[in-house]
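A.B. asks: Sharing a structure, written as structure tokens. Questions coming.
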Amino acid sequence: MTKFSKTTLLSAIVLTMGLLAGCSDKNSTPETSATTSDDAKISLAQAQAIHKAALTVDAHADIELPGAPSAYVGEDGLSKVAPDKMVAGGLDAVVMSVAVSPGPRTAAGYEAAQQLAKAKLAAAKALAAEEANNAVIALTPDELINAHEAGKSALLLGFQNALIAGTSVAAIESFYAEGVRIFALTHMGHNAFADSSRPLFDGATGQREATAEHGGLSDLGIAAIKNINELGAIVDISQLSKQAALQAIELSTTPVIASHSNARSLTTVSRNLSDEELDRLGATGGVVHVAPFRGYLFDTTNAQMDADIRAVRREANIDEDYLYPFELYWEIDDAEVKKTFLTKVSALLGPISLDDMLNHLDYIVKRIGVDHVGIGTDFNHGSGIPGYEDASESLNVTIGLLERGYSAEDIEKIWGGNFIRVWRQAAANAQ
């Protein structure tokens, strides 16, 4: 498959691929939505036109703090969803997540999480306030659409990890008042609201959190879901434990999203969604946004790779039988040991490409339909693969979808239409 980077797009003339044959039925899969012909060709200009017409939304990226060192930004040292990269790749909108990493569940830990969250919130708002960025904070679906029509970039605000909230549901309303519209209750590690799909492990003591602390959602978590619904915001189940995710899907009065999750049936790590979760999410009208994250796209059926990763985990003195490959690097205190671990594991995963990400998207579409899938990169937090390293390469996703037989109508749904539908339903619920 031909891939175009920000640079090569400028000189590319024609991409040879199958010509789309008509529009798809609303709920069609790739097999029924388009046909191809060896004699038919589509120009790059046609692919760009389809991409431009779609309102393209990345449902999850982390907020970079100005001047703060980060191992996850682009080679230029800047955010992977910086406004200029969004424009270069034709990405219209991105959910900037006010996210915090694991921390102690103590008064001091809660305070540290809250201060970091406030700094990230301010950084996202500063991006929109900078006139040169030609960007706005979108608070409603209509504001998102208006920004697209006006040629402006849209920033949406998300929330991840209720460690920020401590033990108070009131924090949800406070962040909503600040413009946050998408809420995910966990990151790595359980908190007072819910169980995480990635329980923490303490390398110093050799102790790990129980697989489930609350049996899914706690009473606080249940109250938080109800509060999110009442406010007209979106419930995000990414990184919840399976039990918590299923409970959130059933409890929510409007469809939920998974802002950055892949299919566990293809890559067996706890961070990905099981078929049961996919089925329930699809049946209730939700949307799964697939991510270009190597650690959640690799081939977990490879026995030699499994053995090699376990060996590297033993070298780093972390539990080889736990959720691999990257789940425990947070608990490696020594910076050099951590760097060596990540480098070795990353090399063992082998080449991962945009095709691997689109394989996950195909799987989800075939299982629950094209109305229930989207794109959520997790950029600025370790995500990025050849062909989709940052927002400037967003067009490559559209090209890949066209090559796989998705129609223009399908692509509009995948890139933003499905997300907007869920947001409209959530907002209408509050009204």
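As shown in the structure tokens, the chain order sets the letters A, B, ...; within each chain, residues go from 1, and ligands are also counted from 1 in the order they appear.
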Show which residues sit within 8 Å of range 136-138 of chain A, as a list in words. Count only C-alpha atoms, and ignore same-chain residues fewer than 4 positions away.
C.D. replies: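 Residues meeting the cut-off are Lys125, Ala128, Ala129, Glu143, Leu144, Ala147, Lys152, Ser153, Ala154, Leu155, Leu156, Leu157 and Gly179 of chain A.
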A.B. asks: Run DSSP on the backbone and give me the residues of range 218-386 of chain A it puts in helix (DSSP H, G or I), as number ranges by chain.
C.D. replies: A: 219-231, 242-251, 275-283, 294-296, 303-315, 329-331, 335-348, 354-368, 370-372
A.B. asks: Any idea what's packed within 7 Å of Asp62 in chain A, counting only C-alpha atoms, ignoring anything in its chain fewer than 3 positions away? Could you give it as a compact mmCIF listing (two decimals) with N, CA and C atoms, in the first residue's frame?
C.D. replies:
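Below you can see selection27.txt, which holds the result:
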```
# COMPACT_ATOMS: atom_id res chain seq x y z
N MET A 96 -8.80 16.67 23.10
CA MET A 96 -7.61 16.84 23.91
C MET A 96 -7.93 16.39 25.33
N SER A 97 -7.27 15.34 25.78
CA SER A 97 -7.65 14.71 27.04
C SER A 97 -6.88 15.28 28.22
N ALA A 99 -5.70 14.27 31.08
CA ALA A 99 -5.42 12.93 31.62
C ALA A 99 -4.26 12.99 32.60
N ASP A 378 -4.68 8.31 20.46
CA ASP A 378 -3.82 8.27 21.65
C ASP A 378 -2.46 8.88 21.35
N PHE A 379 -2.40 9.81 20.39
CA PHE A 379 -1.14 10.51 20.11
C PHE A 379 -0.69 11.27 21.35
N ASN A 380 0.62 11.46 21.45
CA ASN A 380 1.29 12.08 22.59
C ASN A 380 1.33 11.19 23.82
N HIS A 381 1.03 9.89 23.61
CA HIS A 381 1.15 8.97 24.74
C HIS A 381 1.72 7.63 24.29
```
A.B. asks: Which neighbours of Ala122 in chain A fall inside 10 Å, counting only C-alpha atoms, when residues of the same chain fewer than 6 positions from it are skipped, and could you give them as a short mmCIF file (atom, residue, chain, number, x, y, z; two decimals) with N, CA and C atoms, in the first residue's frame?
C.D. replies:
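File part-v3.cif, as written:
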```cif
data_model
loop_
_atom_site.label_atom_id
_atom_site.label_comp_id
_atom_site.auth_asym_id
_atom_site.auth_seq_id
_atom_site.Cartn_x
_atom_site.Cartn_y
_atom_site.Cartn_z
N ILE A 63 -2.74 15.91 26.10
CA ILE A 63 -2.33 17.32 26.07
C ILE A 63 -0.87 17.42 26.48
N LEU A 65 2.20 19.65 27.82
CA LEU A 65 2.45 20.87 28.57
C LEU A 65 3.66 21.60 27.97
N VAL A 98 -7.64 15.76 29.20
CA VAL A 98 -7.08 16.16 30.49
C VAL A 98 -6.87 14.86 31.26
N LEU A 116 -2.13 18.94 38.08
CA LEU A 116 -1.70 18.57 36.74
C LEU A 116 -2.86 18.72 35.75
N GLU A 178 -15.89 23.70 32.84
CA GLU A 178 -14.68 24.18 32.19
C GLU A 178 -14.61 23.80 30.71
#
```
A.B. asks: With distances taken over only C-alpha atoms, which of A:Asp279, A:Asp299, A:Glu111, A:Asp236 is nearest to Ala258 in chain A?
C.D. replies: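 Of A:Asp279, A:Asp299, A:Glu111, A:Asp236, the one nearest Ala258 in chain A, counting only C-alpha atoms, is A:Asp236.
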